[in-house]
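Novice: Before we start, here is the structure in question, set down as structure tokens.
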Amino acid sequence: MSTVFIALQANEETRPIIDAIEIDNPQAIVNRQPAMVKIDAPGRLVVRRETIEEQLGRSYDLQELQINLITLSGNVDEDEDTLTLSWNE
Amino acid sequence: MPVVSLKEYVGVPRDLVLNFNGKQLVYVSWDNHLLFAAPFLLCLPPETRFGELVDGPLAALVQPDPDAAAIDWTQVEWLKSNEPWTPDFSRSLADNGIGHKDQLRFRTPGLDTLRDAA
Amino acid sequence: MDMKATKKKLGMKERYRILTRDLGWEPGYQSREAVFPYVRYEGIKVHDWDKWEDPFRLTMDAYWKYQAEKERKFYAIIDAHAQNNGHLNLTDARYLSALKIFLQAISPGEYAAHKGFARIGREFPGVGTQVACQMQAIDEIRHAQTQIHAMSNYNRYYDGFHAFADARDRIWYTSVARSFFDDAMAAGPFEFMIAIGFSFEYVLTNLLFVPFMSGAAYNGDMATVTFGFSAQSDEARHMTLGLECIKFMLEQDPDNLPIVQGWIDKWFWRGFRVLGLVSTMMDYMLPKRVMSWREAWEIYGVENGGALFRDLARYGIRPPKGWDDAEKAIDHMSHQIMLGLYQWSFGTCFHSWIPSDDDMAWLAKKYPDTFDKYYRPRWEHIKKLDAAGTPYKNFGLAKLCQCCQLPAVFTEPDDPTLNCHRETVYKGEKYQFCSDGCKDIFENEPEKYIQAWLPMPALFQELNGDIGAWMDWVGLKDGVDNGDYDGSRDQKHFTEWRGQATSNL
């Protein structure tokens with residue numbers, strides 16, 4: 001199965017986002033590198049607005065991810081509530 | 001294959017020999033001697049005697065290699081355009097059939113100190 | 001008590017439709033063909049432009065909002081970096097060679113990409129594609145600007161940065177990236193999208209940016225880290241645009257497949273050659289290394305690229321033709337290029353040096369099959385020459401590849417002891433190449449590459465081989481910008497100033 005990943009800057013804004021991703025993707029592996037966090041998952045990774053809001057303590061627009069996103073891998077499917085990365089195999 | 005285009009696409013080569021002020025380019029490389037990272041670029045008149053190319057710029061350029069002093073130019077094997085070739089040291093580049101931008105290679109079998117560590 | 005009915009916000013899909021697709025129109029007094037003259041000649045068939053949709057569905061209002069926030073954050077940090085003498089936090093000023101190469105070779109490429117995306121944003125008829133390309137055009141000019149700003153503080157204190165624009169146009173190692181972008185900009189809009197949007201921005205971008213920005217983080221270069229992350233968030237959109245475009249092309253018509261595959265083959269190889277400079281920066285120029293080029297290739301090339309091509313297989317796409325030759329080159333290329341840069345360092349607007357014993361121990365560990373066998377012997381000999389007071393300089397210059405324009409330092413894929421010689425004759429003229437990959441690209445479109453301005457032959461055409469005149473022309477100050485880091489002004493100053501920062505005498 002191919003790995004998808006999302007890489008985010010490591011800062012105060014992304015801490016709750018990374019926590020949320022871990023909660024929603026139990027198979028994900030979080031790699032912490034200087035200034036960057038790379039989250040790998042087998043085949044599919046889902047980022048959920050609701051979970052982020054719970055961690056963050058305020059309402060959140062998924063498009064705000066644009067500010068802290070570094071890179072990603074996989075086909076992107078986004079709507080108001082979720083951003084999904086996946087490979088079709 | 002032609003370049004895909006709306007009108008006829010014609011390129012003008014930039015490195016034609018007539019642009020080199022009476023000289024030509026020739027590339028020379030010593031096989032398996034990669035201390036010299038890439039083939040040498042020499043710019044010489046086509047009337048240059050082949051022996052002058054070897055004794056002059058080529059001998060000077062290969063000096064840094066530990067094998068340089070041991071080269072026996074009478075025994076060296078040559079290639080031109082990657083095919084075995086025998087130069088005439090007494091004749092010019094032109095008379096030797098060394099065209100503009102040709103690649104010459106020479107080999108010194110058994111003499112290859114820096115080729116690889118055993 | 002009044003219950004205020006909450007005004008319904010536009011849903012994401014609806015907002016996107018209103019602010020992109022609904023802003024388009026059918027031309028009334030000119031034909032579609034007259035308004036979009038370049039959209040058919042490449043042979044790509046599109047039946048329905050509305051099928052193209054930006055997965056991020058970014059609209060202009062959101063774009064400006066997020067970009068403005070990134071800019072505010074970026075410049076605040078750049079100011080702080082300058083105010084706090086951030087340059088003194090570098091591990092070592094050798095690191096700056098990586099930045100000098102970046103500024104001279106890559107930053108102008110961002111500007112070139114901007115021009116390219118602005119053009120294709122005009123040439124493509126689909127509104128969604130137009131908007132995404134226009135955003136990317138603005139992103140790319142922003143990248144050029146932020147890179148220049150990020151590095152400008154180093155220009156105050158160190159050599160080699162001052163003439164980056166001239167260096168880009170006139171020097172030899174910079175023509176590699178320059179010709180890459182010139183080639184793309186001289187192509188049609190669909191090829192440009194596959195070349196830059198897909199092959200470079202998707203397949204290869206991580207190999208450029210992630211090691212670079214992590215390298216900056218590891219070596220105390222806050223300015224570049226800040227630039228890197230500010231740009232990378234744009235890159236994620238670029239990657240997505242590239243992937244969407246290739247899927248769109250492949251889904252629109254099966255006839256597009258062979259054309260797209262041909263472009264993937266060409267542009268993977270051209271991009272791989274440009275990344276040669278990055279491999280050297282990673283393995284040799286970062287005093288504190290992140291990982292080896294080989295390790296980066298495993299993650300971002302093999303694993304990520306592999307996943308991508310497995311995904312695209314359903315369209316009939318196969319991995320690029322040069323993939324196997326690329327894999328064979330991974331354990332060799334960084335060493336081959338660094339040895340070249342060192343021996344021609346009289347002609348570089350940055351410093352090189354002989355790797356230290358520690359450096360070589362690391363290289364041997366990361367390249368167990370190749371470093372000690374092939375490259376250590378050369379470095380040790382170079383060390384001897386240096387110690388004897390006859391530091392190695394190769395005034396024989398180099399044969400440049402007609403296609404990628406790198407010095408032909410590469411070896412046969414199956415014999416690392418033999419330089420790779422490839423040549424062809426076209427209309428009576430001989431052309432030389434570093435590899436099968438480059439030769440194939442030439443033979444496919446020879447009229448394009450015969451007109452290449454190759455810097456080293458040009459030296460003999462225009463300046464009669466006068467290296468002093470050449471240095472003046474490219475803005476390189478001899479004895480200052482070039483040569484060995486050991487004994488350089490950069491080394492002297494960095495050591496002095498760091499000392500001053502912690503002593504009062």
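By order of appearance in the structure tokens: chains A, B, ..., then residues from 1 within every chain, and ligands from 1 in the order shown.
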Please provide as JSON, numbers by chain all residues within 8 Å of Leu62 in chain A, with the sequence filter that same-chain residues fewer than 2 positions apart are discarded (counting only C-alpha atoms).
Specialist: {"A": [49, 60, 64, 65, 80, 81, 82, 83]}
Novice: Include N, CA and C atoms and write out the residues we just selected as a short mmCIF file (atom, residue, chain, number, x, y, z; two decimals), in the first residue's frame.
Specialist:
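As a result, again08.cif now contains:
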```cif
data_model
loop_
_atom_site.label_atom_id
_atom_site.label_comp_id
_atom_site.auth_asym_id
_atom_site.auth_seq_id
_atom_site.Cartn_x
_atom_site.Cartn_y
_atom_site.Cartn_z
N ARG A 49 -12.24 19.01 10.14
CA ARG A 49 -12.42 20.34 10.73
C ARG A 49 -12.94 20.23 12.15
N TYR A 60 -12.87 26.87 12.97
CA TYR A 60 -11.72 26.75 12.08
C TYR A 60 -12.21 26.52 10.67
N GLU A 64 -7.64 27.40 6.18
CA GLU A 64 -6.55 28.01 6.95
C GLU A 64 -5.30 27.14 6.94
N LEU A 65 -5.48 25.85 6.64
CA LEU A 65 -4.32 24.96 6.53
C LEU A 65 -3.27 25.50 5.57
N GLU A 80 -15.89 21.51 3.00
CA GLU A 80 -15.86 22.33 4.23
C GLU A 80 -15.41 21.54 5.45
N ASP A 81 -15.70 20.25 5.44
CA ASP A 81 -15.52 19.48 6.68
C ASP A 81 -14.28 18.61 6.73
N THR A 82 -13.83 18.17 5.56
CA THR A 82 -12.69 17.25 5.57
C THR A 82 -11.74 17.54 4.42
N LEU A 83 -10.47 17.21 4.65
CA LEU A 83 -9.48 17.17 3.58
C LEU A 83 -8.94 15.75 3.59
#
```
Novice: Sort by chain and increasing residue number a table of all residues of chain A within 7 Å of range 45-55 of chain C, each with its closest pair of atoms and their distance in Å to one decimal, counting only C-alpha atoms, and write it as a tab-separated table.
Specialist:
```
residue	atom	partner	partner_atom	distance
A:Val76	CA	C:Pro55	CA	6.0
A:Asp77	CA	C:Pro55	CA	5.8
A:Glu78	CA	C:Pro55	CA	6.1
```
Novice: What parts of chain A does DSSP call alpha helix (DSSP H)? I'd like the answer as an NGL selection string.
Specialist: :A and (14-24 or 49-56 or 65-68)
Novice: Next, write the just-selected residues to a file, as a JSON list (two decimals), in the first residue's frame, keeping N, CA and C atoms as the atom set.
Specialist:
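Ended up saving to part31.json:
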```
[["chain", "number", "residue", "atom", "x", "y", "z"],
["A", 14, "THR", "N", -0.04, 24.83, 14.65],
["A", 14, "THR", "CA", -0.23, 23.48, 14.11],
["A", 14, "THR", "C", -0.29, 22.42, 15.19],
["A", 15, "ARG", "N", 0.09, 22.74, 16.43],
["A", 15, "ARG", "CA", 0.07, 21.71, 17.47],
["A", 15, "ARG", "C", -1.30, 21.03, 17.60],
["A", 16, "PRO", "N", -2.37, 21.82, 17.72],
["A", 16, "PRO", "CA", -3.69, 21.17, 17.81],
["A", 16, "PRO", "C", -4.10, 20.48, 16.52],
["A", 17, "ILE", "N", -3.62, 20.95, 15.39],
["A", 17, "ILE", "CA", -3.96, 20.31, 14.11],
["A", 17, "ILE", "C", -3.31, 18.94, 14.03],
["A", 18, "ILE", "N", -2.07, 18.88, 14.46],
["A", 18, "ILE", "CA", -1.36, 17.59, 14.45],
["A", 18, "ILE", "C", -2.03, 16.62, 15.41],
["A", 19, "ASP", "N", -2.42, 17.13, 16.59],
["A", 19, "ASP", "CA", -3.14, 16.28, 17.54],
["A", 19, "ASP", "C", -4.42, 15.74, 16.91],
["A", 20, "ALA", "N", -5.14, 16.61, 16.24],
["A", 20, "ALA", "CA", -6.41, 16.20, 15.61],
["A", 20, "ALA", "C", -6.18, 15.12, 14.56],
["A", 21, "ILE", "N", -5.13, 15.29, 13.77],
["A", 21, "ILE", "CA", -4.84, 14.30, 12.72],
["A", 21, "ILE", "C", -4.51, 12.95, 13.34],
["A", 22, "GLU", "N", -3.76, 12.98, 14.42],
["A", 22, "GLU", "CA", -3.41, 11.72, 15.10],
["A", 22, "GLU", "C", -4.67, 11.02, 15.61],
["A", 23, "ILE", "N", -5.59, 11.82, 16.17],
["A", 23, "ILE", "CA", -6.82, 11.25, 16.70],
["A", 23, "ILE", "C", -7.63, 10.58, 15.58],
["A", 24, "ASP", "N", -7.73, 11.25, 14.44],
["A", 24, "ASP", "CA", -8.58, 10.74, 13.36],
["A", 24, "ASP", "C", -7.90, 9.67, 12.51],
["A", 49, "ARG", "N", -12.24, 19.01, 10.14],
["A", 49, "ARG", "CA", -12.42, 20.34, 10.73],
["A", 49, "ARG", "C", -12.94, 20.23, 12.15],
["A", 50, "GLU", "N", -13.92, 19.37, 12.37],
["A", 50, "GLU", "CA", -14.55, 19.27, 13.69],
["A", 50, "GLU", "C", -13.54, 18.89, 14.76],
["A", 51, "THR", "N", -12.70, 17.92, 14.45],
["A", 51, "THR", "CA", -11.71, 17.46, 15.43],
["A", 51, "THR", "C", -10.70, 18.57, 15.71],
["A", 52, "ILE", "N", -10.33, 19.31, 14.68],
["A", 52, "ILE", "CA", -9.40, 20.42, 14.87],
["A", 52, "ILE", "C", -10.03, 21.46, 15.80],
["A", 53, "GLU", "N", -11.32, 21.75, 15.56],
["A", 53, "GLU", "CA", -11.99, 22.76, 16.38],
["A", 53, "GLU", "C", -12.03, 22.34, 17.85],
["A", 54, "GLU", "N", -12.24, 21.02, 18.06],
["A", 54, "GLU", "CA", -12.24, 20.54, 19.45],
["A", 54, "GLU", "C", -10.88, 20.75, 20.10],
["A", 55, "GLN", "N", -9.82, 20.52, 19.35],
["A", 55, "GLN", "CA", -8.47, 20.66, 19.90],
["A", 55, "GLN", "C", -8.08, 22.13, 20.02],
["A", 56, "LEU", "N", -8.54, 22.92, 19.07],
["A", 56, "LEU", "CA", -8.09, 24.31, 18.97],
["A", 56, "LEU", "C", -8.85, 25.24, 19.90],
["A", 65, "LEU", "N", -5.48, 25.85, 6.64],
["A", 65, "LEU", "CA", -4.32, 24.96, 6.53],
["A", 65, "LEU", "C", -3.27, 25.50, 5.57],
["A", 66, "GLN", "N", -3.75, 26.25, 4.58],
["A", 66, "GLN", "CA", -2.86, 26.82, 3.55],
["A", 66, "GLN", "C", -1.68, 27.54, 4.16],
["A", 67, "ILE", "N", -1.87, 28.14, 5.33],
["A", 67, "ILE", "CA", -0.82, 28.98, 5.89],
["A", 67, "ILE", "C", 0.35, 28.14, 6.40],
["A", 68, "ASN", "N", 0.04, 26.98, 6.95],
["A", 68, "ASN", "CA", 1.09, 26.18, 7.59],
["A", 68, "ASN", "C", 1.47, 24.90, 6.86]]
```
Novice: Please report as JSON, numbers by chain which residues of chain C come no farther than 6 Å from chain A, using only C-alpha atoms.
Specialist: {"C": [55, 232, 233, 236, 307, 311]}
Novice: Since we have the selection now, will you write its residues out, keeping C-alpha atoms, as an mmCIF file, in the first residue's frame?
Specialist:
```
data_model
loop_
_atom_site.group_PDB
_atom_site.id
_atom_site.type_symbol
_atom_site.label_atom_id
_atom_site.label_comp_id
_atom_site.auth_asym_id
_atom_site.auth_seq_id
_atom_site.Cartn_x
_atom_site.Cartn_y
_atom_site.Cartn_z
ATOM 1 C CA PRO C 55 -9.219 20.467 -5.275
ATOM 2 C CA GLN C 232 6.087 25.641 0.774
ATOM 3 C CA SER C 233 2.508 26.275 1.645
ATOM 4 C CA ALA C 236 1.271 22.330 -1.874
ATOM 5 C CA ALA C 307 3.255 5.828 -5.101
ATOM 6 C CA ASP C 311 -1.650 5.721 -8.929
#
```
Novice: Distance limit 7 Å, atoms considered: only C-alpha atoms. Which chain C residues sit that close to chain B? Return them as a PyMOL selection string.
Specialist: chain C and resi 41-42+336+339-340+373-374+377-378+392+396-399+407-409+417-418+430+444-445+447-448+450-453+460-461
Novice: Contacts of Ile71 in chain B at 8 Å or less, counting only C-alpha atoms, minus same-chain residues fewer than 4 places along, as a PyMOL selection string?
Specialist: chain B and resi 67+76+108
Novice: Once DSSP has gone over the backbone, tell me which residues of range 6-59 of chain A are in strand (DSSP E), as a PyMOL selection string.
Specialist: chain A and resi 6-9+29-33+36-42+44-48
Novice: Just the residues within 12 Å of Phe346 in chain C, please, counting only C-alpha atoms, with nothing from its chain fewer than 6 positions along; format it as an MDAnalysis selection string.
Specialist: chainID C and resid 340 352:353 391:397 467:468 470:471 476:485
Novice: Write a file of the just-selected residues containing N, CA and C atoms, as a compact mmCIF listing (two decimals), in the first residue's frame.
Specialist:
```txt
# COMPACT_ATOMS: atom_id res chain seq x y z
N GLY C 340 33.89 18.44 -9.52
CA GLY C 340 33.92 19.41 -10.62
C GLY C 340 33.94 20.84 -10.10
N SER C 352 34.34 26.62 -2.75
CA SER C 352 34.35 25.17 -2.55
C SER C 352 35.44 24.84 -1.55
N TRP C 353 35.57 23.59 -1.22
CA TRP C 353 36.62 23.18 -0.29
C TRP C 353 36.81 21.69 -0.40
N PRO C 391 47.52 23.61 -5.23
CA PRO C 391 46.11 23.21 -5.20
C PRO C 391 45.59 22.96 -6.61
N TYR C 392 44.77 21.96 -6.73
CA TYR C 392 44.32 21.48 -8.03
C TYR C 392 43.30 22.43 -8.66
N LYS C 393 43.68 22.95 -9.82
CA LYS C 393 42.75 23.76 -10.61
C LYS C 393 42.75 23.20 -12.03
N ASN C 394 41.60 22.97 -12.55
CA ASN C 394 41.50 22.39 -13.89
C ASN C 394 41.15 23.47 -14.90
N PHE C 395 42.20 24.02 -15.56
CA PHE C 395 41.96 25.07 -16.55
C PHE C 395 41.53 24.52 -17.90
N GLY C 396 41.38 23.19 -17.99
CA GLY C 396 40.88 22.61 -19.22
C GLY C 396 39.39 22.83 -19.39
N LEU C 397 38.77 23.49 -18.44
CA LEU C 397 37.33 23.75 -18.46
C LEU C 397 36.58 22.43 -18.68
N ILE C 467 39.75 34.58 -19.47
CA ILE C 467 39.00 34.32 -18.24
C ILE C 467 38.87 35.59 -17.39
N GLY C 468 39.88 36.44 -17.41
CA GLY C 468 39.78 37.70 -16.68
C GLY C 468 38.63 38.55 -17.20
N TRP C 470 36.12 37.46 -18.77
CA TRP C 470 34.88 36.73 -18.43
C TRP C 470 34.45 37.04 -17.00
N MET C 471 35.40 37.06 -16.09
CA MET C 471 35.06 37.35 -14.70
C MET C 471 34.42 38.73 -14.57
N LEU C 476 32.11 38.55 -11.26
CA LEU C 476 32.82 37.74 -10.29
C LEU C 476 34.13 38.43 -9.93
N LYS C 477 34.35 38.70 -8.65
CA LYS C 477 35.60 39.33 -8.23
C LYS C 477 36.61 38.24 -7.88
N ASP C 478 37.68 38.18 -8.66
CA ASP C 478 38.69 37.14 -8.50
C ASP C 478 39.37 37.25 -7.14
N GLY C 479 39.53 36.14 -6.48
CA GLY C 479 40.18 36.14 -5.18
C GLY C 479 39.23 36.49 -4.05
N VAL C 480 38.01 36.86 -4.41
CA VAL C 480 37.04 37.24 -3.38
C VAL C 480 35.81 36.33 -3.43
N ASP C 481 35.17 36.29 -4.60
CA ASP C 481 33.94 35.51 -4.73
C ASP C 481 34.20 34.04 -5.01
N ASN C 482 35.37 33.75 -5.55
CA ASN C 482 35.64 32.39 -6.04
C ASN C 482 36.63 31.66 -5.14
N GLY C 483 37.01 30.46 -5.58
CA GLY C 483 38.10 29.73 -4.95
C GLY C 483 37.73 29.00 -3.67
N ASP C 484 38.77 28.62 -2.95
CA ASP C 484 38.61 27.78 -1.76
C ASP C 484 38.04 28.60 -0.59
N TYR C 485 37.18 27.97 0.17
CA TYR C 485 36.66 28.62 1.38
C TYR C 485 37.79 28.89 2.36
```
Novice: Mind checking which residues fall within 10 Å of range 318-333 of chain C, counting only C-alpha atoms, ignoring those fewer than 4 positions away in the same chain, and posting them as a ChimeraX atom specification?
Specialist: /C:199,261-270,272-273,275-277,279-280,292-295,297-298,301-302,305-306,308-314,337-339,366-371,374-375,409-416,435-438
Novice: Which residues come within 7 Å of range 111-125 of chain C, counting only C-alpha atoms, excluding same-chain residues fewer than 5 positions away, as a CSV table (one decimal) with C-alpha atoms, in the first residue's frame?
Specialist:
```
chain,number,residue,atom,x,y,z
C,36,PHE,CA,-7.1,30.9,-27.5
C,38,TYR,CA,-2.2,28.0,-28.7
C,39,VAL,CA,-4.6,25.5,-27.1
C,130,GLN,CA,-7.0,30.2,-15.5
C,133,CYS,CA,-2.5,29.5,-13.0
C,134,GLN,CA,-2.8,33.1,-12.3
C,136,GLN,CA,0.6,30.4,-9.2
C,137,ALA,CA,2.1,33.2,-11.3
C,138,ILE,CA,1.7,35.5,-8.4
C,140,GLU,CA,6.2,32.4,-8.1
C,141,ILE,CA,7.0,36.1,-8.3
C,144,ALA,CA,11.5,35.2,-6.2
C,181,PHE,CA,13.1,27.1,-17.7
C,185,MET,CA,8.7,28.6,-21.5
C,189,PRO,CA,0.9,25.6,-22.6
```
